[in-house]
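Report on the structure given below.
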Amino acid sequence: MKQITDRDIAALLNPRPVALITCCDEQGKPNVLTVTWTMPVSHRPPMIAISVGTRRYSHQLIQATGEFVVNIVGQNFQSAIEICGNSSGAVCDKFLRAGLHTVNSRTMRPPRIAGALGYLECCVASSQEVGDHTLFVATVEVAEASEKAFTGVWETYAGDVLLCRQRELFGMCHPSEESLEQRRRAQNFGQRVD
Ligand SMILES: Cc1cc2nc3c(=O)[nH]c(=O)nc-3n(C[C@H](O)[C@H](O)[C@H](O)COP(=O)(O)O)c2cc1C
């Protein structure tokens with residue numbers, strides 16, 4: 001075994017979906033940032049948590065308004081993910097820079113990203129400082145997903161959900177050709193593969 005240190009420790013828990021989080025300031029001006037530190041935390045009521053660096057501009061906004069939207073996106077958003085994860089809304093308009101279009105959310109002011117595969121509109125219920133990040137625990141007010149892309153699982157589909165392996169390394173969540181072949185072989189031999 002080798003010792004894992006620093007930022008690589010978080011990467012041990014990858015891959016995980018990468019999302020675009022939209023939020024807005026108290027005047028309603030929106031911002032968007034890339035986030036991979038998301039997790040479900042309760043079924044009833046449905047709640048999730050996201051971890052946002054305390055120095056991010058979005059941190060200020062989410063803390064002030066208590067609202068954000070998790071936009072789950074496909075591989076066609078990779079360049080937007082990179083742009084929104086490497087520039088700050090404090091100094092530029094990332095929607096413009098990344099070529100992102102927005103549509104109104106159902107229940108809150110932060111907009112949705114047009115063309116995303118799924119949306120979770122979230123209201124912050126509590127927050128906790130954890131080292132250099134804040135964990136925002138939020139109630140999911142509305143959750144919607146593309147019928148074609150999500151059938152209880154994310155389907156193999158042209159707009160596959162983008163996964164983050166390391167900060168600048170991405171992948172898809174559909175099974176690899178190799179694992180499909182493994183399943184076919186196992187099924188031929190009548191073995192359980194799950
Ligand atoms: C792939 C990727 C994943 C990221 N995940 C997170 C995350 O989970 N939490 C976080 O606070 N920042 C994360 N970031 C960094 C922010 O997206 C980045 O600091 C962004 O510029 C903040 O924008 P803002 O200043 O407009 O809020 C990630 C960046 C990338 C490229």
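Chain labels A, B, ... are given in the sequence in which chains occur in the structure tokens; within each chain residues are numbered consecutively from 1, and ligands are likewise numbered from 1 in the order shown.
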- Residues up to 9 Å from ligand 1, counting only C-alpha atoms and all ligand atoms: could you list those as a ChimeraX atom specification? /A:18-21,31-38,50-61,81-94,133-134,163-170
Go ahead and write the selection's residues with N, CA and C atoms as a short mmCIF file (atom, residue, chain, number, x, y, z; two decimals), in the first residue's frame.
```cif
data_model
loop_
_atom_site.label_atom_id
_atom_site.label_comp_id
_atom_site.auth_asym_id
_atom_site.auth_seq_id
_atom_site.Cartn_x
_atom_site.Cartn_y
_atom_site.Cartn_z
N VAL A 18 -20.62 14.94 -11.29
CA VAL A 18 -20.22 16.33 -11.20
C VAL A 18 -21.44 17.16 -11.60
N ALA A 19 -21.72 18.18 -10.80
CA ALA A 19 -22.95 18.95 -11.03
C ALA A 19 -22.63 20.43 -11.18
N LEU A 20 -23.53 21.13 -11.84
CA LEU A 20 -23.47 22.59 -11.86
C LEU A 20 -24.48 23.08 -10.83
N ILE A 21 -23.99 23.85 -9.87
CA ILE A 21 -24.90 24.38 -8.85
C ILE A 21 -25.20 25.84 -9.20
N ASN A 31 -25.52 32.98 -10.25
CA ASN A 31 -24.14 32.51 -10.45
C ASN A 31 -24.19 30.99 -10.55
N VAL A 32 -23.10 30.41 -11.02
CA VAL A 32 -23.05 28.96 -11.20
C VAL A 32 -21.63 28.49 -10.86
N LEU A 33 -21.54 27.37 -10.13
CA LEU A 33 -20.21 26.77 -9.88
C LEU A 33 -20.29 25.26 -10.02
N THR A 34 -19.13 24.67 -10.29
CA THR A 34 -19.01 23.22 -10.43
C THR A 34 -18.80 22.61 -9.06
N VAL A 35 -19.54 21.52 -8.78
CA VAL A 35 -19.41 20.86 -7.48
C VAL A 35 -19.45 19.33 -7.66
N THR A 36 -18.51 18.66 -7.02
CA THR A 36 -18.59 17.18 -6.97
C THR A 36 -18.91 16.68 -5.57
N TRP A 37 -18.77 17.53 -4.58
CA TRP A 37 -19.03 17.08 -3.22
C TRP A 37 -20.51 17.24 -2.89
N THR A 38 -21.30 16.30 -3.36
CA THR A 38 -22.74 16.27 -3.10
C THR A 38 -23.07 14.90 -2.53
N ILE A 50 -24.35 19.56 0.21
CA ILE A 50 -23.24 19.91 -0.68
C ILE A 50 -22.18 20.60 0.18
N SER A 51 -20.94 20.44 -0.22
CA SER A 51 -19.85 21.07 0.52
C SER A 51 -19.21 22.13 -0.37
N VAL A 52 -19.23 23.36 0.12
CA VAL A 52 -18.75 24.49 -0.69
C VAL A 52 -17.63 25.23 0.05
N GLY A 53 -16.53 25.45 -0.64
CA GLY A 53 -15.38 26.16 -0.07
C GLY A 53 -15.80 27.53 0.47
N THR A 54 -15.30 27.87 1.67
CA THR A 54 -15.75 29.12 2.31
C THR A 54 -15.31 30.36 1.53
N ARG A 55 -14.27 30.20 0.68
CA ARG A 55 -13.80 31.39 -0.07
C ARG A 55 -14.49 31.57 -1.41
N ARG A 56 -15.34 30.61 -1.80
CA ARG A 56 -16.05 30.74 -3.09
C ARG A 56 -17.08 31.88 -3.02
N TYR A 57 -17.24 32.55 -4.14
CA TYR A 57 -18.27 33.59 -4.23
C TYR A 57 -19.65 32.96 -3.97
N SER A 58 -19.86 31.76 -4.53
CA SER A 58 -21.16 31.08 -4.37
C SER A 58 -21.46 30.78 -2.90
N HIS A 59 -20.42 30.59 -2.11
CA HIS A 59 -20.61 30.31 -0.68
C HIS A 59 -21.37 31.47 -0.04
N GLN A 60 -20.90 32.69 -0.36
CA GLN A 60 -21.55 33.91 0.14
C GLN A 60 -23.03 33.92 -0.24
N LEU A 61 -23.30 33.59 -1.52
CA LEU A 61 -24.66 33.68 -2.05
C LEU A 61 -25.57 32.64 -1.39
N ILE A 81 -18.44 22.69 -17.35
CA ILE A 81 -18.01 22.23 -16.02
C ILE A 81 -16.63 22.78 -15.70
N GLU A 82 -15.75 22.72 -16.70
CA GLU A 82 -14.37 23.19 -16.49
C GLU A 82 -14.34 24.71 -16.30
N ILE A 83 -15.10 25.40 -17.13
CA ILE A 83 -15.11 26.86 -17.01
C ILE A 83 -15.71 27.29 -15.66
N CYS A 84 -16.83 26.69 -15.28
CA CYS A 84 -17.52 27.10 -14.05
C CYS A 84 -16.77 26.65 -12.80
N GLY A 85 -15.84 25.71 -12.96
CA GLY A 85 -15.05 25.23 -11.83
C GLY A 85 -13.71 25.91 -11.72
N ASN A 86 -13.42 26.79 -12.68
CA ASN A 86 -12.09 27.43 -12.66
C ASN A 86 -12.16 28.94 -12.83
N SER A 87 -13.34 29.52 -12.66
CA SER A 87 -13.44 30.98 -12.69
C SER A 87 -14.51 31.38 -11.68
N SER A 88 -14.45 32.62 -11.27
CA SER A 88 -15.38 33.05 -10.21
C SER A 88 -16.42 34.04 -10.71
N GLY A 89 -17.65 33.83 -10.26
CA GLY A 89 -18.75 34.74 -10.56
C GLY A 89 -18.53 36.10 -9.92
N ALA A 90 -17.55 36.21 -9.04
CA ALA A 90 -17.25 37.52 -8.43
C ALA A 90 -16.65 38.44 -9.47
N VAL A 91 -16.02 37.87 -10.49
CA VAL A 91 -15.33 38.71 -11.48
C VAL A 91 -15.78 38.51 -12.92
N CYS A 92 -16.63 37.51 -13.19
CA CYS A 92 -17.11 37.36 -14.57
C CYS A 92 -18.49 36.72 -14.60
N ASP A 93 -19.14 36.82 -15.75
CA ASP A 93 -20.44 36.17 -15.95
C ASP A 93 -20.18 34.79 -16.54
N LYS A 94 -20.28 33.76 -15.67
CA LYS A 94 -19.92 32.42 -16.14
C LYS A 94 -20.95 31.84 -17.10
N HIS A 133 -14.36 24.19 4.17
CA HIS A 133 -15.63 24.16 3.44
C HIS A 133 -16.80 24.35 4.42
N THR A 134 -17.98 24.62 3.87
CA THR A 134 -19.21 24.58 4.67
C THR A 134 -20.10 23.51 4.07
N LEU A 163 -19.14 12.01 -14.75
CA LEU A 163 -18.53 11.68 -13.46
C LEU A 163 -17.17 12.34 -13.35
N CYS A 164 -16.80 12.71 -12.13
CA CYS A 164 -15.48 13.28 -11.91
C CYS A 164 -14.57 12.22 -11.31
N ARG A 165 -13.42 12.00 -11.92
CA ARG A 165 -12.46 11.03 -11.37
C ARG A 165 -11.41 11.77 -10.55
N GLN A 166 -10.87 12.81 -11.09
CA GLN A 166 -9.99 13.73 -10.40
C GLN A 166 -10.42 15.08 -10.92
N ARG A 167 -9.97 16.15 -10.31
CA ARG A 167 -10.50 17.47 -10.64
C ARG A 167 -10.61 17.71 -12.14
N GLU A 168 -9.60 17.29 -12.91
CA GLU A 168 -9.63 17.60 -14.34
C GLU A 168 -9.81 16.35 -15.20
N LEU A 169 -10.25 15.26 -14.58
CA LEU A 169 -10.39 13.99 -15.30
C LEU A 169 -11.84 13.52 -15.19
N PHE A 170 -12.50 13.34 -16.33
CA PHE A 170 -13.93 13.02 -16.29
C PHE A 170 -14.21 11.67 -16.94
#
```
- Message: DSSP on the backbone: which residues in range 8-151 of chain A end up as strand (DSSP E or B)? Give the answer as a PyMOL selection string.
- Response: chain A and resi 16-17+19-24+30-35+38-42+47-53+67-72+74+102-103+112-113+118-130+133-145+150
Same residues, C-alpha atoms, saved as a PDB file, in the first residue's frame:
```pdb
ATOM      1  CA  ARG A  16     -18.873  10.790  -8.311  1.00  0.00           C
ATOM      2  CA  PRO A  17     -21.298  12.840 -10.400  1.00  0.00           C
ATOM      3  CA  ALA A  19     -22.946  18.951 -11.033  1.00  0.00           C
ATOM      4  CA  LEU A  20     -23.468  22.589 -11.862  1.00  0.00           C
ATOM      5  CA  ILE A  21     -24.900  24.384  -8.847  1.00  0.00           C
ATOM      6  CA  THR A  22     -26.862  27.530  -9.542  1.00  0.00           C
ATOM      7  CA  CYS A  23     -27.456  30.129  -6.852  1.00  0.00           C
ATOM      8  CA  CYS A  24     -28.167  33.865  -6.820  1.00  0.00           C
ATOM      9  CA  PRO A  30     -27.494  34.285 -10.666  1.00  0.00           C
ATOM     10  CA  ASN A  31     -24.144  32.513 -10.448  1.00  0.00           C
ATOM     11  CA  VAL A  32     -23.046  28.959 -11.196  1.00  0.00           C
ATOM     12  CA  LEU A  33     -20.212  26.774  -9.879  1.00  0.00           C
ATOM     13  CA  THR A  34     -19.010  23.223 -10.435  1.00  0.00           C
ATOM     14  CA  VAL A  35     -19.411  20.855  -7.482  1.00  0.00           C
ATOM     15  CA  THR A  38     -22.739  16.270  -3.104  1.00  0.00           C
ATOM     16  CA  MET A  39     -24.542  13.498  -1.246  1.00  0.00           C
ATOM     17  CA  PRO A  40     -28.048  12.377  -0.318  1.00  0.00           C
ATOM     18  CA  VAL A  41     -28.582  12.475   3.466  1.00  0.00           C
ATOM     19  CA  SER A  42     -32.296  11.674   4.054  1.00  0.00           C
ATOM     20  CA  MET A  47     -32.537  15.994   1.830  1.00  0.00           C
ATOM     21  CA  ILE A  48     -29.099  16.322   0.327  1.00  0.00           C
ATOM     22  CA  ALA A  49     -25.849  18.034   1.313  1.00  0.00           C
ATOM     23  CA  ILE A  50     -23.241  19.910  -0.677  1.00  0.00           C
ATOM     24  CA  SER A  51     -19.852  21.066   0.520  1.00  0.00           C
ATOM     25  CA  VAL A  52     -18.751  24.494  -0.694  1.00  0.00           C
ATOM     26  CA  GLY A  53     -15.383  26.164  -0.066  1.00  0.00           C
ATOM     27  CA  GLU A  67     -31.308  28.463  -2.005  1.00  0.00           C
ATOM     28  CA  PHE A  68     -29.534  26.529  -4.742  1.00  0.00           C
ATOM     29  CA  VAL A  69     -30.289  24.204  -7.636  1.00  0.00           C
ATOM     30  CA  VAL A  70     -28.264  21.069  -8.363  1.00  0.00           C
ATOM     31  CA  ASN A  71     -28.172  20.692 -12.154  1.00  0.00           C
ATOM     32  CA  ILE A  72     -27.062  17.189 -13.166  1.00  0.00           C
ATOM     33  CA  GLY A  74     -24.144  15.081 -19.326  1.00  0.00           C
ATOM     34  CA  THR A 102     -31.108  29.267 -18.038  1.00  0.00           C
ATOM     35  CA  VAL A 103     -34.780  28.527 -17.446  1.00  0.00           C
ATOM     36  CA  ARG A 112     -32.034  25.955 -13.826  1.00  0.00           C
ATOM     37  CA  ILE A 113     -29.471  25.266 -16.533  1.00  0.00           C
ATOM     38  CA  GLY A 118     -31.898  16.442 -13.874  1.00  0.00           C
ATOM     39  CA  TYR A 119     -32.632  19.151 -11.324  1.00  0.00           C
ATOM     40  CA  LEU A 120     -32.906  19.319  -7.556  1.00  0.00           C
ATOM     41  CA  GLU A 121     -34.249  22.596  -6.201  1.00  0.00           C
ATOM     42  CA  CYS A 122     -32.920  22.857  -2.659  1.00  0.00           C
ATOM     43  CA  CYS A 123     -33.600  24.996   0.439  1.00  0.00           C
ATOM     44  CA  VAL A 124     -30.852  25.118   3.052  1.00  0.00           C
ATOM     45  CA  ALA A 125     -32.023  23.629   6.378  1.00  0.00           C
ATOM     46  CA  SER A 126     -28.731  23.849   8.262  1.00  0.00           C
ATOM     47  CA  SER A 127     -25.064  24.483   7.664  1.00  0.00           C
ATOM     48  CA  GLN A 128     -21.902  23.397   9.379  1.00  0.00           C
ATOM     49  CA  GLU A 129     -18.349  24.652   8.926  1.00  0.00           C
ATOM     50  CA  VAL A 130     -16.047  21.749   8.156  1.00  0.00           C
ATOM     51  CA  HIS A 133     -15.629  24.165   3.441  1.00  0.00           C
ATOM     52  CA  THR A 134     -19.213  24.579   4.666  1.00  0.00           C
ATOM     53  CA  LEU A 135     -21.580  21.654   4.497  1.00  0.00           C
ATOM     54  CA  PHE A 136     -24.995  22.938   3.413  1.00  0.00           C
ATOM     55  CA  VAL A 137     -27.706  20.434   4.311  1.00  0.00           C
ATOM     56  CA  ALA A 138     -30.832  21.159   2.289  1.00  0.00           C
ATOM     57  CA  THR A 139     -34.394  19.978   1.748  1.00  0.00           C
ATOM     58  CA  VAL A 140     -35.174  18.980  -1.840  1.00  0.00           C
ATOM     59  CA  GLU A 141     -38.251  21.018  -2.811  1.00  0.00           C
ATOM     60  CA  VAL A 142     -38.484  19.659  -6.369  1.00  0.00           C
ATOM     61  CA  ALA A 143     -36.583  16.863  -8.110  1.00  0.00           C
ATOM     62  CA  GLU A 144     -36.993  16.252 -11.841  1.00  0.00           C
ATOM     63  CA  ALA A 145     -35.087  14.226 -14.423  1.00  0.00           C
ATOM     64  CA  PHE A 150     -33.429   8.380 -15.737  1.00  0.00           C
TER      65      PHE A 150
END
```
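In this model, the gap between CA of Pro110 in chain A and CA of Gln27 in chain A comes to 10.8 Å.
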- Among listed residues A:Gly28, A:Asn188, A:Arg44, A:Val161, nearest Pro111 in chain A (using only C-alpha atoms):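 Ranked by minimum distance to Pro111 in chain A, first place goes to A:Gly28.
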- Task: Among the residues of range 6-194 of chain A, find those DSSP assigns to alpha helix (DSSP H) from the backbone and print them as a ChimeraX atom specification.
- Result: /A:8-11,57-65,78-84,94-98,177-188
So that I have them on file, write out the residues from the current selection with N, CA, C and O atoms, as a tab-separated table (two decimals), in the first residue's frame.
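Resulting contents of selection_1.tsv:
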```tsv
chain	number	residue	atom	x	y	z
A	8	ASP	N	-5.49	14.16	-2.83
A	8	ASP	CA	-5.76	12.81	-3.33
A	8	ASP	C	-6.65	12.01	-2.38
A	8	ASP	O	-7.28	11.04	-2.80
A	9	ILE	N	-6.72	12.43	-1.11
A	9	ILE	CA	-7.57	11.70	-0.15
A	9	ILE	C	-9.03	11.78	-0.60
A	9	ILE	O	-9.73	10.76	-0.64
A	10	ALA	N	-9.47	12.97	-0.98
A	10	ALA	CA	-10.86	13.11	-1.46
A	10	ALA	C	-11.08	12.30	-2.74
A	10	ALA	O	-12.14	11.74	-2.95
A	11	ALA	N	-10.04	12.22	-3.57
A	11	ALA	CA	-10.16	11.50	-4.85
A	11	ALA	C	-10.33	10.00	-4.64
A	11	ALA	O	-10.82	9.30	-5.53
A	57	TYR	N	-17.24	32.55	-4.14
A	57	TYR	CA	-18.27	33.59	-4.23
A	57	TYR	C	-19.65	32.96	-3.97
A	57	TYR	O	-20.50	33.51	-3.26
A	58	SER	N	-19.86	31.76	-4.53
A	58	SER	CA	-21.16	31.08	-4.37
A	58	SER	C	-21.46	30.78	-2.90
A	58	SER	O	-22.62	30.70	-2.51
A	59	HIS	N	-20.42	30.59	-2.11
A	59	HIS	CA	-20.61	30.31	-0.68
A	59	HIS	C	-21.37	31.47	-0.04
A	59	HIS	O	-22.36	31.28	0.67
A	60	GLN	N	-20.90	32.69	-0.36
A	60	GLN	CA	-21.55	33.91	0.14
A	60	GLN	C	-23.03	33.92	-0.24
A	60	GLN	O	-23.89	34.23	0.55
A	61	LEU	N	-23.30	33.59	-1.52
A	61	LEU	CA	-24.66	33.68	-2.05
A	61	LEU	C	-25.57	32.64	-1.39
A	61	LEU	O	-26.69	32.95	-0.98
A	62	ILE	N	-25.09	31.41	-1.29
A	62	ILE	CA	-25.93	30.34	-0.72
A	62	ILE	C	-26.19	30.63	0.76
A	62	ILE	O	-27.30	30.44	1.26
A	63	GLN	N	-25.17	31.14	1.44
A	63	GLN	CA	-25.35	31.47	2.85
A	63	GLN	C	-26.39	32.59	3.02
A	63	GLN	O	-27.20	32.54	3.92
A	64	ALA	N	-26.37	33.57	2.11
A	64	ALA	CA	-27.28	34.71	2.24
A	64	ALA	C	-28.72	34.35	1.85
A	64	ALA	O	-29.67	34.81	2.49
A	65	THR	N	-28.91	33.53	0.81
A	65	THR	CA	-30.27	33.29	0.32
A	65	THR	C	-30.85	31.95	0.75
A	65	THR	O	-32.06	31.76	0.75
A	78	GLN	N	-19.10	19.16	-20.53
A	78	GLN	CA	-17.76	19.08	-19.90
A	78	GLN	C	-17.02	20.41	-19.92
A	78	GLN	O	-16.41	20.82	-18.93
A	79	SER	N	-17.10	21.10	-21.05
A	79	SER	CA	-16.34	22.35	-21.11
A	79	SER	C	-16.95	23.39	-20.15
A	79	SER	O	-16.22	24.12	-19.47
A	80	ALA	N	-18.29	23.40	-20.02
A	80	ALA	CA	-18.94	24.33	-19.07
A	80	ALA	C	-18.53	23.98	-17.64
A	80	ALA	O	-18.27	24.87	-16.81
A	81	ILE	N	-18.44	22.69	-17.35
A	81	ILE	CA	-18.01	22.23	-16.02
A	81	ILE	C	-16.63	22.78	-15.70
A	81	ILE	O	-16.35	23.25	-14.59
A	82	GLU	N	-15.75	22.72	-16.70
A	82	GLU	CA	-14.37	23.19	-16.49
A	82	GLU	C	-14.34	24.71	-16.30
A	82	GLU	O	-13.66	25.21	-15.41
A	83	ILE	N	-15.10	25.40	-17.13
A	83	ILE	CA	-15.11	26.86	-17.01
A	83	ILE	C	-15.71	27.29	-15.66
A	83	ILE	O	-15.13	28.12	-14.95
A	84	CYS	N	-16.83	26.69	-15.28
A	84	CYS	CA	-17.52	27.10	-14.05
A	84	CYS	C	-16.77	26.65	-12.80
A	84	CYS	O	-17.03	27.14	-11.70
A	94	LYS	N	-20.28	33.76	-15.67
A	94	LYS	CA	-19.92	32.42	-16.14
A	94	LYS	C	-20.95	31.84	-17.10
A	94	LYS	O	-20.62	30.98	-17.90
A	95	PHE	N	-22.19	32.29	-17.04
A	95	PHE	CA	-23.21	31.80	-17.98
A	95	PHE	C	-22.78	32.19	-19.40
A	95	PHE	O	-22.83	31.38	-20.33
A	96	LEU	N	-22.35	33.44	-19.50
A	96	LEU	CA	-21.91	33.98	-20.80
A	96	LEU	C	-20.64	33.25	-21.26
A	96	LEU	O	-20.55	32.75	-22.38
A	97	ARG	N	-19.68	33.17	-20.35
A	97	ARG	CA	-18.39	32.57	-20.67
A	97	ARG	C	-18.53	31.10	-21.08
A	97	ARG	O	-17.85	30.63	-21.98
A	98	ALA	N	-19.44	30.37	-20.41
A	98	ALA	CA	-19.57	28.93	-20.68
A	98	ALA	C	-20.67	28.64	-21.69
A	98	ALA	O	-20.92	27.47	-22.01
A	177	GLU	N	-17.72	-1.26	-21.98
A	177	GLU	CA	-17.92	-2.40	-22.89
A	177	GLU	C	-17.41	-3.68	-22.23
A	177	GLU	O	-18.03	-4.73	-22.29
A	178	GLU	N	-16.30	-3.50	-21.52
A	178	GLU	CA	-15.67	-4.66	-20.85
A	178	GLU	C	-16.61	-5.26	-19.80
A	178	GLU	O	-16.80	-6.48	-19.75
A	179	SER	N	-17.24	-4.39	-18.98
A	179	SER	CA	-18.10	-4.95	-17.93
A	179	SER	C	-19.39	-5.51	-18.52
A	179	SER	O	-19.95	-6.47	-18.00
A	180	LEU	N	-19.86	-4.95	-19.65
A	180	LEU	CA	-21.04	-5.52	-20.31
A	180	LEU	C	-20.72	-6.91	-20.84
A	180	LEU	O	-21.52	-7.84	-20.72
A	181	GLU	N	-19.52	-7.04	-21.41
A	181	GLU	CA	-19.08	-8.34	-21.95
A	181	GLU	C	-18.97	-9.36	-20.82
A	181	GLU	O	-19.40	-10.51	-20.95
A	182	GLN	N	-18.46	-8.90	-19.67
A	182	GLN	CA	-18.32	-9.77	-18.50
A	182	GLN	C	-19.70	-10.28	-18.06
A	182	GLN	O	-19.89	-11.44	-17.77
A	183	ARG	N	-20.68	-9.36	-18.06
A	183	ARG	CA	-22.04	-9.72	-17.66
A	183	ARG	C	-22.63	-10.74	-18.64
A	183	ARG	O	-23.24	-11.72	-18.24
A	184	ARG	N	-22.39	-10.48	-19.96
A	184	ARG	CA	-22.93	-11.41	-20.98
A	184	ARG	C	-22.35	-12.80	-20.76
A	184	ARG	O	-23.06	-13.79	-20.78
A	185	ARG	N	-21.03	-12.84	-20.53
A	185	ARG	CA	-20.38	-14.15	-20.33
A	185	ARG	C	-20.94	-14.85	-19.10
A	185	ARG	O	-21.29	-16.02	-19.13
A	186	ALA	N	-21.10	-14.08	-18.00
A	186	ALA	CA	-21.60	-14.66	-16.76
A	186	ALA	C	-23.02	-15.17	-16.95
A	186	ALA	O	-23.38	-16.23	-16.46
A	187	GLN	N	-23.83	-14.40	-17.71
A	187	GLN	CA	-25.22	-14.81	-17.93
A	187	GLN	C	-25.28	-16.11	-18.74
A	187	GLN	O	-26.08	-16.99	-18.47
A	188	ASN	N	-24.36	-16.24	-19.71
A	188	ASN	CA	-24.31	-17.47	-20.51
A	188	ASN	C	-24.02	-18.68	-19.63
A	188	ASN	O	-24.51	-19.76	-19.87
```
